[in-house]
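First comes the structure, then the notes that go with it.
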4 protein chains.
Amino acid sequence: MYQGPGKKALVECPKPVITVPTDAIVRITKTTICGTDLHILKGDVPTCHAGRILGHEGVGIIEEIGTAVTAFKSGDHVLISCVSACGKCEYCRRQMYSHCMNGGWILGNTIDGTQAEFARIPFADTSLYPIPHGVDEEALVMLSDILPTGFECGVLNGKVAPGNIVAIVGAGPVGLAALLTAQFYSPAEVIMIDLDDTRLEVAKRFGATATINSADGRASERVMEMTNQQGVDTAIEAVGIPVTFELCEQIMAPGGVIANIGVHGKKVDLHLEKLWDRNISITTRLVDTATIPMLFKTVGANKLDPKRLITHHFKLDQILDAYETFDNVAKSKALKVIIEP
Amino acid sequence: MYQGPGKKALVECPKPVITVPTDAIVRITKTTICGTDLHILKGDVPTCHAGRILGHEGVGIIEEIGTAVTAFKSGDHVLISCVSACGKCEYCRRQMYSHCMNGGWILGNTIDGTQAEFARIPFADTSLYPIPHGVDEEALVMLSDILPTGFECGVLNGKVAPGNIVAIVGAGPVGLAALLTAQFYSPAEVIMIDLDDTRLEVAKRFGATATINSADGRASERVMEMTNQQGVDTAIEAVGIPVTFELCEQIMAPGGVIANIGVHGKKVDLHLEKLWDRNISITTRLVDTATIPMLFKTVGANKLDPKRLITHHFKLDQILDAYETFDNVAKSKALKVIIEP
Amino acid sequence: MYQGPGKKALVECPKPVITVPTDAIVRITKTTICGTDLHILKGDVPTCHAGRILGHEGVGIIEEIGTAVTAFKSGDHVLISCVSACGKCEYCRRQMYSHCMNGGWILGNTIDGTQAEFARIPFADTSLYPIPHGVDEEALVMLSDILPTGFECGVLNGKVAPGNIVAIVGAGPVGLAALLTAQFYSPAEVIMIDLDDTRLEVAKRFGATATINSADGRASERVMEMTNQQGVDTAIEAVGIPVTFELCEQIMAPGGVIANIGVHGKKVDLHLEKLWDRNISITTRLVDTATIPMLFKTVGANKLDPKRLITHHFKLDQILDAYETFDNVAKSKALKVIIEP
Amino acid sequence: MYQGPGKKALVECPKPVITVPTDAIVRITKTTICGTDLHILKGDVPTCHAGRILGHEGVGIIEEIGTAVTAFKSGDHVLISCVSACGKCEYCRRQMYSHCMNGGWILGNTIDGTQAEFARIPFADTSLYPIPHGVDEEALVMLSDILPTGFECGVLNGKVAPGNIVAIVGAGPVGLAALLTAQFYSPAEVIMIDLDDTRLEVAKRFGATATINSADGRASERVMEMTNQQGVDTAIEAVGIPVTFELCEQIMAPGGVIANIGVHGKKVDLHLEKLWDRNISITTRLVDTATIPMLFKTVGANKLDPKRLITHHFKLDQILDAYETFDNVAKSKALKVIIEP
C-alpha cells in the first residue's frame with residue numbers, strides 16, 4: 001500500500017466487494033511490480049493518493065461476479081489488463097481503451113490494485129481475458145502491461161517491418177519487451193542502446209543484433225556508422241528523458257518513425273529545424289492492451305516466451321523485499337519479479 | 001536572379017542547354033513566386049548561392065529533349081514539379097521524390113530555376129507532367145508545389161477524414177492550399193487560425209467553418225471551447241515557428257495528428273510530459289509531389305479550383321514588382337502571383 | 001408481422017418487456033422498410049419464422065432500461081442500429097459487429113423488430129446511439145442500416161479516393177446510399193448503372209456524373225469507352241445477381257476493387273482466367289454500423305442529407321400500404337418510406 | 001528456345017545487342033526454370049511465339065550498357081527481375097511494375113529471356129538490382145520471381161499477421177515460397193495442403209505447423225476441425241484450378257482474406273450466396289517484384305534462406321535435362337533447379 005511519497009507498507013485490508021454490477025472480484029495468484037509503481041512511490045503520480053493498494057498487473061481466479069458480468073463465472077482463470085475498459089464509450093469502440101471515458105488506467109492508481117490477495121476489477125467482461133487450462137499462468141502476467149506496452153507503443157506504432165533497421169533506446173523491461181515483440185516482424189537489425197552493460201548482454205540474448213553503451217555520448221555517431229549514415233527506420237524510445245528522445249531524433253532515416261514509450265516528466269527539444277523536411281513521424285501512446293488476444297496467440301504458438309523477462313520470485317508477504325529488488329537493479333539485475341500468495 | 005542575401009535582379013542570361021540525356025529544356029509560359037524564394041532572398045537557404053535563377057514552379061512548352069527522354073517531345077505542354085525525381089533510387093521507388101538521391105528540391109536552389117524564359121529540367125520523364133489540350137494552364141501552376149504541399153504534408157499526413165475536426169494554423173497560401181484540399185475528405189469542421197483578419201476572411205470564402213484570430217493569445221482556449229474540450233483530430237501547422245507548433249500541441253484530441261508543413265528555423269518545445277500518453281502522431285514532410293496526377297484529376301473533375309489562390313498577374317519583366325507584391329502581403333493582400341512572358 | 005412466405009399482417013401484440021439486464025425497451029417514433037424485409041416475406045430468409053415482427057431500422061424514445069444499461073436512461077432519444085452488438089466478443093472488439101457472437105442482425109429476424117409501437121433492443125448500450133436535441137430524427141432513420149451499408153460495404157471497402165473513377169451497379173436505395181457517401185471522398189467520376197431510367201434520373205440529382213441504362217447489354221462496353229479502355233478504380237455491386245457482379249468484373253482497372261453490397265442468392269462466375277494477374281480485390285461485408293458515429297457527424301455538418309432518400313410517409317396503421325408502395329417501385333417510384341405512429 | 005507447342009530445343013543464337021539506350025546486356029551466370037516456362041511449352045501462353053528464348057529469372061554480370069543507363073556499369077553483378085519496369089508510367093509510379101505500360105512480364109515471353117549465355121534486359125536501371133560483393137548469388141536467383149511472388153501475391157496481399165492462422169493450398173515451389181516468407185510475420189499456424197506427401201514433408205521442414213493431404217476430399221473439413229470451426233484468417237491459393245480456389249472459399253473465417261497466386265486457366269465458382277456477408281476479401285496479383293529490395297535485406301540478415309528451394313544443378317548445355325527434371329516432379333522431387341554456364 002502506498003502511504004504517501006517515499007512510503008509504502010504491507011497492510012491488512014478488508015476483502016474488496018462488488019460495488020457495481022459490472023465488477024468482478026479476482027483472487028490474485030500472481031502479480032508483479034511495474035516501473036510506474038516506483039513512480040507512484042516517489043510521489044510522481046498525482047492521481048494516486050496515500051492509502052492506495054498498488055499494482056495493475058496479474059493473473060488470478062474469479063471469486064465473484066457482479067450481476068451484469070456475462071463473459072465469466074466464478075472459478076475462471078483470468079488475465080487482468082492494466083487498463084479497465086468500459087467497452088461502450090467512443091474510445092473503447094476505437095480500441096483506445098487507455099482513454100476509456102469510464103476507466104483507463106485506474107487499477108492501483110485511482111482504485112485499489114492487484115498487489116493484494118484479492119482485487120476488484122471494474123468492467124470485468126472487457127478488462128479480463130480468459131486463460132485456457134494448462135497454460136503457464138506465470139508467463140501471462142507479462143501480458144497485463146509490459147508486453148502490450150512494448151508491442152503497441154513501440155513495435156506497432158514504430159511500424160517495424162521485415163528487413164528494416166530498428167533502434168531501441170533503453171534496455172529496461174519495457175525496452176526488452178519491445179525487443180522481443182519487434183522480432184514478430186523480422187527486422188534485419190535491432191540495435192539496443194543503454195548505459196548498462198549487463199542489460200545490453202541480456203538484450204543480446206533476447207535477439208538484439210548489435211548493442212551500444214551510450215555512456216560515452218557517441219551513440220548517435222555509432223548508429224550512423226552502423227547504418228552507412230542512413231539512420232534507422234524505427235527508433236523506439238523506452239526511457240523517458242530528453243537526452244534519449246533527442247538521440248532518437250538524431251538517428252532517423254528519411255521516412256522513419258520515432259515511437260515513444262517512455263513516461264516523460266518534462267518537455268523535450270524537437271529539432272524541427274532539422275526534421276521538418278525529413279518525412280518522419282513521432283508517435284506517443286499509453287498502452288491500450290488491445291493486442292492481448294494477439295499476444296496470447298503468439299505465446300500459444302511459441303513465437304514469444306514472456307518468461308524470459310522474469311528474474312525473481314517472492315511471496316506476497318515478502319513484497320517489500322520484492323520492491324527493494326526491483327528498485328535496486330544495479331545490484332539485483334532484476335527485470336520483472338513475480339509475487340504470489 | 002538571386003544576388004546574395006537581400007539582393008535580387010532581373011538579368012539577361014544565356015538560354016540553358018541540355019547537359020545530360022535525361023534533361024529537357026522548357027519554355028516557361030507561366031511561373032510564380034513561392035515563400036521559399038523569399039527565404040532564399042533573406043539568405044536563409046545556404047544551399048542556394050548568388051547567381052542562381054530562382055523559381056521551382058511553372059508550366060511551359062517543351063523546347064528540346066535529351067536523347068534519353070521518352071515520355072515527352074518538343075511542343076508538349078507540361079507542368080513542372082518543384083521536385084526533380086530520378087525515378088530510380090530507393091526513395092523514388094517509394095514515391096518519396098523529395099529525398100531523391102539524385103534530385104529532390106534542386107530547381108531554383110542548386111540549379112537554375114523557372115523564373116526565366118527557359119529552364120533546364122533534369123529527369124524530365126519523371127519530373128514533368130503532360131497537360132491535356134484545352135486545360136487552363138494558369139490554374140495548373142498551383143500544382144507545381146503549393147497544392148501538393150498542402151495536400152501531402154497537411155491533409156494526407158494529417159489523415160483528414162469524413163466527420164473529423166481539423167484546425168489549420170496559418171492562413172497563408174500553403175495553409176489555404178491545405179484548406180482547399182482538406183475538403184476532399186468532407187471533414188465536419190475546419191477551423192482556420194491566423195493573425196490576419198483579411199486572410200481569415202479568405203479562409204471563410206474557401207470553406208473554413210470557423211476562424212480564430214490568435215492575436216489575443218487565446219486561440220487554444222477557443223478551439224477547446226469549440227470542440228467541447230475534446231480538441232481536434234488533425235492540426236495542420238502551416239507557419240513554421242515555435243508558438244504555432246505549440247498551439248497545435250495544445251489542441252490535440254487523444255488519437256489525433258499534428259501534420260507539420262511549416263519550414264522551421266529553430267527547435268520547438270515538445271511537451272511530452274503532457275503528450276506521452278495521448279496516442280498522438282506528429283508528422284513532417286517535404287512535398288514529394290507524388291499526388292500531382294491525383295490532383296490533376298480532381299481539377300479536371302471540378303473538385304478543386306486552384307485559380308482561387310491566384311490574386312495578381314505580372315509580366316516577366318515586371319518580376320521585381322511581383323516580388324514586391326508577394327512580399328508585402330499586408331498591403332497587397334496577395335496570395336499567389338502569376339508571372340508570364 | 002411476418003406470417004410465413006407471402007403473408008404479412010398488422011397484428012395487436014403485447015408490449016415487449018426487458019428480458020435480460022442489458023435490454024432497453026424503445027418506443028418507436030419512426031421506422032422504415034428495408035429490401036431485406038421483402039426478402040423475408042418471400043420466404044428467402046430461413047432464420048426468420050412466422051410470427052415475427054419485422055423491421056430493423058428506426059429511431060425512438062427509451063421507455064425502460066435493464067439494470068445493466070448505463071449509457072442511457074428513460075426518455076432519451078435514440079437511433080437503433082440494425083445490428084445488435086454485445087460489445088464484448090472478439091468480433092465486437094474488432095468493430096465487426098455484424099458477426100457479434102451474441103447478436104449481429106437479429107432484430108426483425110430472430111427476435112421481434114421495430115415495425116411496431118415498441119421494440120426490445122438487446123445490448124442497448126452498444127446498439128443504440130444518442131440523438132442530440134433539435135436534430136431531425138426522420139433523417140436519422142436512414143442511419144440505422146441503409147447509409148452505413150452503402151458507406152461501409154461499398155465506399156470504404158471500395159477504397160473510394162479523390163480523383164478516382166467509381167461505378168455503382170444498381171441505383172436502388174442502397175446503391176444511392178453508396179452514391180451519396182462516395183462523395184465524401186471526392187471521386188472524379190461516379191458512373192451509375194441500372195435498368196430503370198427513373199432511378200438513373202434520381203442518381204443524377206444525387207451526384208452521379210454519368211449514368212448508363214444497362215438494358216441493352218452494352219454497359220461494360222460503355223464504361224470502357226468512358227474510361228479510355230482503362231476501367232474503373234472501384235465497382236460497387238448493389239444488386240446481388242450474377243449478371244451485375246460479372247459486369248463489375250468486366251470493368252475493373254488494374255489495381256481496382258469490386259466492393260460487393262448485394263445479397264446474393266446464388267453463386268457467380270469469377271473469371272480468374274482473366275483476373276488472376278490484374279492486381280484486384282473483391283470484398284464482401286455485412287454492414288457493421290461501426291460508422292454510425294462518423295455518419296452522425298457528417299449529417300450534423302451538412303455533408304450528407306439522408307432525407308433525400310425518403311419519398312413517402314405512412315402511419316403505422318397504414319403499414320400494409322407502405323409495403324405495397326415500397327415493393328411496387330415501378331409504379332410508386334419509392335426509395336425509402338417513413339412509418340410513424 | 002521455345003519451338004512451338006510441345007517443342008523446345010537448345011539452339012546456337014547470336015549474342016544480343018543493345019537496341020535502345022535504356023538496355024543492358026547481361027552475361028547470365030545462373031538462371032532457373034519457372035512453372036510458367038512449362039505453361040509456355042504447352043502452348044498456353046499465346047503472347048509467346050515459336051523462336052523465343054525462354055527464362056525470366058537469373059543473376060549475371062553486366063556486359064554492356066546503353067547510353068541512358070546510369071545506375072550500373074560493365075562488370076556489375078546484378079539480379080534480374082522477372083518484370084521489366086520503365087519506372088515512368090502511372091503503374092510504375094504506384095510500384096505496380098507488373099502492369100508497366102512499356103514493360104511488365106516480357107522477358108522470355110515477348111522478348112528473348114535468360115536461359116541463354118547473354119540476355120538483353122530492357123529498362124536496366126529499374127529492372128536490375130545490384131548484388132553486393134561476397135553474397136551467394138545462387139540464392140538470389142530465387143529473388144527474381146518465386147520469392148517475391150509468394151511474398152507479394154500470397155503473404156502481403158493475404159495480410160499475414162502475428163498470431164494468425166494461415167492455410168496455403170499447394171506445396172509446389174510458389175506455395176513453399178509463400179510458406180517461407182509468411183514466417184516473417186510470425187503467424188501462429190501455417191497449414192499446408194497438397195496432394196503430394198513428399199512436398200508436404202518438405203513443407204514441414206520449411207516451417208508448416210500442420211499439413212493436410214487433400215486426396216480424400218476432406219481438406220476443408222479438417223481445416224475447420226483444426227480451427228474450432230472458425231476457419232483461417234488467410235488462405236493462399238497456389239495451384240490455379242477451381243477445386244483449390246473453392247477450398248479456400250470453404251475455410252474462410254469472417255474477416256479473412258483469400259490471396260490468389262495461382263495462374264488460372266478457367267473461371268471458378270464464387271459462392272457469394274455464402275460469402276456475401278462474411279466480410280472477406282479476395283485478391284489477385286501478378287508479381288510486381290517491388291519487394292526485391294526488402295527481400296534482399298531479409299536474406300542479408302539471415303531471416304530468409306532462399307537456397308532451401310534449390311534441389312538440382314545443371315549446366316546450360318544440359319538444359320533439356322533440367323526441363324525434364326523440373327517437369328517430372330513425381331520422380332525427381334525437384335523444387336527449383338539452377339542452370340549455369
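Labeling convention for the C-alpha cells: chains A, B, ... as they appear, residues from 1 per chain, ligands from 1 in order of appearance.
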Residues within 8 Å of range 123-136 of chain D, please, as a VMD selection string. Count only C-alpha atoms; anything in the same chain fewer than 6 positions from it doesn't count. (chain B and resid 88) or (chain D and resid 22 to 24 69 to 72 76 to 81 83 to 87 293)
Selection above as a file: all heavy atoms, as a CSV table (one decimal), in the first residue's frame:
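What follows is the written file selection.csv:
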```
chain,number,residue,atom,x,y,z
B,88,LYS,N,14.6,6.3,-60.1
B,88,LYS,CA,15.4,5.1,-60.0
B,88,LYS,C,15.8,4.7,-58.6
B,88,LYS,O,16.0,3.5,-58.3
B,88,LYS,CB,16.6,5.1,-60.9
B,88,LYS,CG,16.3,5.4,-62.3
B,88,LYS,CD,17.6,5.6,-63.1
B,88,LYS,CE,17.3,5.9,-64.6
B,88,LYS,NZ,18.5,6.1,-65.4
D,22,THR,N,18.2,2.5,-73.0
D,22,THR,CA,18.0,2.0,-71.6
D,22,THR,C,18.3,0.5,-71.4
D,22,THR,O,18.1,0.0,-70.3
D,22,THR,CB,16.5,2.3,-71.2
D,22,THR,OG1,15.7,1.9,-72.3
D,22,THR,CG2,16.3,3.8,-71.0
D,23,ASP,N,18.7,-0.2,-72.4
D,23,ASP,CA,19.0,-1.6,-72.3
D,23,ASP,C,20.4,-1.8,-71.6
D,23,ASP,O,21.2,-1.0,-71.6
D,23,ASP,CB,19.2,-2.2,-73.7
D,23,ASP,CG,17.8,-2.4,-74.5
D,23,ASP,OD1,16.8,-2.3,-73.8
D,23,ASP,OD2,17.9,-2.6,-75.7
D,24,ALA,N,20.5,-3.1,-71.1
D,24,ALA,CA,21.8,-3.6,-70.7
D,24,ALA,C,21.9,-5.0,-71.2
D,24,ALA,O,20.9,-5.7,-71.4
D,24,ALA,CB,22.0,-3.5,-69.2
D,69,VAL,N,21.7,4.3,-69.4
D,69,VAL,CA,21.8,3.6,-68.2
D,69,VAL,C,22.8,4.3,-67.3
D,69,VAL,O,23.9,4.5,-67.7
D,69,VAL,CB,22.2,2.1,-68.4
D,69,VAL,CG1,22.4,1.4,-67.1
D,69,VAL,CG2,21.1,1.4,-69.3
D,70,THR,N,22.3,4.6,-66.1
D,70,THR,CA,23.2,5.4,-65.2
D,70,THR,C,23.5,4.7,-63.9
D,70,THR,O,24.4,5.0,-63.1
D,70,THR,CB,22.6,6.8,-64.8
D,70,THR,OG1,21.3,6.5,-64.2
D,70,THR,CG2,22.4,7.6,-66.1
D,71,ALA,N,22.6,3.7,-63.5
D,71,ALA,CA,22.8,3.1,-62.2
D,71,ALA,C,23.7,1.9,-62.2
D,71,ALA,O,24.1,1.4,-61.1
D,71,ALA,CB,21.4,2.6,-61.7
D,72,PHE,N,24.2,1.5,-63.4
D,72,PHE,CA,25.0,0.3,-63.5
D,72,PHE,C,26.2,0.6,-64.5
D,72,PHE,O,26.1,1.5,-65.3
D,72,PHE,CB,24.2,-0.9,-63.9
D,72,PHE,CG,23.2,-1.3,-63.0
D,72,PHE,CD1,21.8,-0.9,-63.2
D,72,PHE,CD2,23.5,-2.0,-61.8
D,72,PHE,CE1,20.9,-1.3,-62.3
D,72,PHE,CE2,22.5,-2.4,-60.9
D,72,PHE,CZ,21.2,-2.0,-61.2
D,76,ASP,N,29.3,-5.0,-63.2
D,76,ASP,CA,28.5,-5.1,-62.0
D,76,ASP,C,27.7,-6.4,-62.0
D,76,ASP,O,27.2,-6.9,-63.0
D,76,ASP,CB,27.4,-4.0,-62.0
D,76,ASP,CG,28.0,-2.6,-61.7
D,76,ASP,OD1,29.2,-2.5,-61.3
D,76,ASP,OD2,27.2,-1.6,-61.7
D,77,HIS,N,27.7,-7.0,-60.8
D,77,HIS,CA,26.9,-8.2,-60.6
D,77,HIS,C,25.4,-7.7,-60.3
D,77,HIS,O,25.2,-6.8,-59.5
D,77,HIS,CB,27.4,-9.0,-59.4
D,77,HIS,CG,28.7,-9.7,-59.7
D,77,HIS,ND1,28.9,-11.0,-59.5
D,77,HIS,CD2,29.9,-9.2,-60.2
D,77,HIS,CE1,30.1,-11.3,-59.9
D,77,HIS,NE2,30.7,-10.2,-60.3
D,78,VAL,N,24.5,-8.4,-61.0
D,78,VAL,CA,23.1,-7.9,-60.9
D,78,VAL,C,22.2,-9.1,-60.8
D,78,VAL,O,22.4,-10.2,-61.2
D,78,VAL,CB,22.7,-7.1,-62.1
D,78,VAL,CG1,23.4,-5.7,-62.1
D,78,VAL,CG2,22.9,-7.8,-63.4
D,79,LEU,N,21.0,-8.8,-60.1
D,79,LEU,CA,19.9,-9.7,-60.1
D,79,LEU,C,18.9,-9.2,-61.1
D,79,LEU,O,18.6,-7.9,-61.2
D,79,LEU,CB,19.3,-9.6,-58.7
D,79,LEU,CG,17.9,-10.3,-58.5
D,79,LEU,CD1,18.0,-11.8,-58.6
D,79,LEU,CD2,17.3,-9.9,-57.1
D,80,ILE,N,18.3,-10.1,-61.9
D,80,ILE,CA,17.3,-9.7,-62.9
D,80,ILE,C,15.9,-9.9,-62.4
D,80,ILE,O,15.6,-11.0,-61.9
D,80,ILE,CB,17.6,-10.5,-64.2
D,80,ILE,CG1,19.0,-10.4,-64.7
D,80,ILE,CG2,16.5,-10.2,-65.2
D,80,ILE,CD1,19.4,-11.4,-65.7
D,81,SER,N,15.1,-8.8,-62.4
D,81,SER,CA,13.7,-9.0,-62.1
D,81,SER,C,13.0,-9.7,-63.2
D,81,SER,O,13.3,-9.4,-64.4
D,81,SER,CB,13.1,-7.6,-61.8
D,81,SER,OG,11.7,-7.8,-61.8
D,83,VAL,N,10.2,-9.0,-64.1
D,83,VAL,CA,9.3,-7.9,-64.6
D,83,VAL,C,10.2,-6.8,-65.0
D,83,VAL,O,11.0,-6.3,-64.3
D,83,VAL,CB,8.3,-7.5,-63.5
D,83,VAL,CG1,7.7,-6.1,-63.8
D,83,VAL,CG2,7.2,-8.5,-63.3
D,84,SER,N,10.0,-6.3,-66.2
D,84,SER,CA,10.7,-5.1,-66.7
D,84,SER,C,9.9,-3.9,-66.5
D,84,SER,O,8.8,-3.8,-67.0
D,84,SER,CB,11.0,-5.3,-68.2
D,84,SER,OG,11.8,-6.5,-68.5
D,85,ALA,N,10.5,-2.9,-65.8
D,85,ALA,CA,9.7,-1.7,-65.4
D,85,ALA,C,10.3,-0.5,-65.9
D,85,ALA,O,11.5,-0.2,-65.7
D,85,ALA,CB,9.7,-1.7,-63.8
D,86,CYS,N,9.5,0.3,-66.7
D,86,CYS,CA,10.1,1.5,-67.3
D,86,CYS,C,10.4,2.6,-66.2
D,86,CYS,O,11.2,3.5,-66.4
D,86,CYS,CB,9.1,2.1,-68.3
D,86,CYS,SG,7.7,3.0,-67.7
D,87,GLY,N,9.7,2.5,-65.1
D,87,GLY,CA,9.9,3.4,-64.0
D,87,GLY,C,9.3,4.8,-64.2
D,87,GLY,O,9.4,5.7,-63.3
D,293,PRO,N,14.1,-5.3,-53.0
D,293,PRO,CA,15.0,-4.7,-52.0
D,293,PRO,C,14.7,-5.2,-50.6
D,293,PRO,O,15.7,-5.4,-49.8
D,293,PRO,CB,14.7,-3.2,-52.2
D,293,PRO,CG,14.2,-3.1,-53.6
D,293,PRO,CD,13.4,-4.3,-53.8
```
All strand (DSSP E) residues (DSSP, backbone) inside range 4-150 of chain A, as a list in words: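 Matching residues, listed in order: Ala24, Ile25, Val26, Arg27, Ile28, Thr29, Lys30, Thr31, Thr32, Gly58, Val59, Gly60, Ile61, Ile62, Glu63, Glu64, Ile65, His77, Val78, Leu79, Ile80, Phe118, Ala119, Arg120, Ile121, Leu128, Tyr129 and Pro130 of chain A.
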Considering only C-alpha atoms, extract the chain B residues located within 10 Å of chain A and return them as a PyMOL selection string. chain B and resi 91+94+96+98-99+153+157+240-242+245+254-255+257-288
List the neighbours of Thr31 in chain C out to 8 Å using only C-alpha atoms; skip same-chain residues closer than 3 positions along the sequence, and give me the result as a PyMOL selection string. chain C and resi 28+55+57-59+114-115+141+338-340
Output N, CA, C and O atoms of each residue in that selection to a file, as a PDB file, in the first residue's frame.
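For reference, result13.pdb as written:
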```pdb
ATOM      1  N   ILE C  28     -41.032   3.333 -30.514  1.00  0.00           N
ATOM      2  CA  ILE C  28     -40.594   3.670 -31.875  1.00  0.00           C
ATOM      3  C   ILE C  28     -41.345   4.912 -32.354  1.00  0.00           C
ATOM      4  O   ILE C  28     -42.577   4.929 -32.381  1.00  0.00           O
ATOM      5  N   GLY C  55     -38.648  -5.521 -39.190  1.00  0.00           N
ATOM      6  CA  GLY C  55     -38.095  -4.172 -39.015  1.00  0.00           C
ATOM      7  C   GLY C  55     -36.826  -4.153 -38.192  1.00  0.00           C
ATOM      8  O   GLY C  55     -36.769  -4.702 -37.093  1.00  0.00           O
ATOM      9  N   GLU C  57     -34.776  -1.070 -38.392  1.00  0.00           N
ATOM     10  CA  GLU C  57     -34.346   0.324 -38.503  1.00  0.00           C
ATOM     11  C   GLU C  57     -35.290   1.189 -37.683  1.00  0.00           C
ATOM     12  O   GLU C  57     -36.441   0.834 -37.473  1.00  0.00           O
ATOM     13  N   GLY C  58     -34.814   2.341 -37.258  1.00  0.00           N
ATOM     14  CA  GLY C  58     -35.726   3.242 -36.582  1.00  0.00           C
ATOM     15  C   GLY C  58     -35.088   4.140 -35.553  1.00  0.00           C
ATOM     16  O   GLY C  58     -33.916   3.988 -35.188  1.00  0.00           O
ATOM     17  N   VAL C  59     -35.861   5.134 -35.144  1.00  0.00           N
ATOM     18  CA  VAL C  59     -35.493   5.996 -34.016  1.00  0.00           C
ATOM     19  C   VAL C  59     -36.651   5.936 -33.027  1.00  0.00           C
ATOM     20  O   VAL C  59     -37.769   5.551 -33.375  1.00  0.00           O
ATOM     21  N   THR C 114     -38.700  -3.621 -35.266  1.00  0.00           N
ATOM     22  CA  THR C 114     -39.046  -2.227 -34.979  1.00  0.00           C
ATOM     23  C   THR C 114     -40.311  -1.720 -35.675  1.00  0.00           C
ATOM     24  O   THR C 114     -40.694  -0.565 -35.466  1.00  0.00           O
ATOM     25  N   GLN C 115     -40.918  -2.532 -36.500  1.00  0.00           N
ATOM     26  CA  GLN C 115     -42.150  -2.088 -37.161  1.00  0.00           C
ATOM     27  C   GLN C 115     -43.308  -2.330 -36.205  1.00  0.00           C
ATOM     28  O   GLN C 115     -44.193  -3.179 -36.437  1.00  0.00           O
ATOM     29  N   VAL C 141     -33.253   8.011 -39.358  1.00  0.00           N
ATOM     30  CA  VAL C 141     -33.697   6.633 -39.628  1.00  0.00           C
ATOM     31  C   VAL C 141     -32.837   6.002 -40.733  1.00  0.00           C
ATOM     32  O   VAL C 141     -32.578   4.802 -40.724  1.00  0.00           O
ATOM     33  N   ILE C 338     -41.107   6.349 -44.698  1.00  0.00           N
ATOM     34  CA  ILE C 338     -41.088   6.527 -43.244  1.00  0.00           C
ATOM     35  C   ILE C 338     -42.438   6.070 -42.679  1.00  0.00           C
ATOM     36  O   ILE C 338     -43.482   6.395 -43.246  1.00  0.00           O
ATOM     37  N   ILE C 339     -42.360   5.300 -41.594  1.00  0.00           N
ATOM     38  CA  ILE C 339     -43.575   4.839 -40.929  1.00  0.00           C
ATOM     39  C   ILE C 339     -43.554   5.377 -39.507  1.00  0.00           C
ATOM     40  O   ILE C 339     -42.564   5.209 -38.797  1.00  0.00           O
ATOM     41  N   GLU C 340     -44.642   6.037 -39.128  1.00  0.00           N
ATOM     42  CA  GLU C 340     -44.670   6.633 -37.793  1.00  0.00           C
ATOM     43  C   GLU C 340     -46.013   6.352 -37.134  1.00  0.00           C
ATOM     44  O   GLU C 340     -46.990   6.066 -37.814  1.00  0.00           O
TER      45      GLU C 340
END
```
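The set of residues in range 61-199 of chain D assigned to alpha helix (DSSP H) by DSSP, using only backbone atoms of this structure, is D:Glu90, D:Tyr91, D:Cys92, D:Arg93, D:Ala124, D:Asp125, D:Thr126, D:Ser127, D:Glu137, D:Glu138, D:Ala139, D:Leu140, D:Ile146, D:Leu147, D:Pro148, D:Pro173, D:Val174, D:Gly175, D:Leu176, D:Ala177, D:Ala178, D:Leu179, D:Leu180, D:Thr181, D:Ala182, D:Asp197, D:Thr198, D:Arg199.
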Would you mind reading off the distance between CA of Thr149 in chain B and CA of Val26 in chain B, one decimal, in Å?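 Separation of CA of Thr149 in chain B and CA of Val26 in chain B: 22.9 Å.
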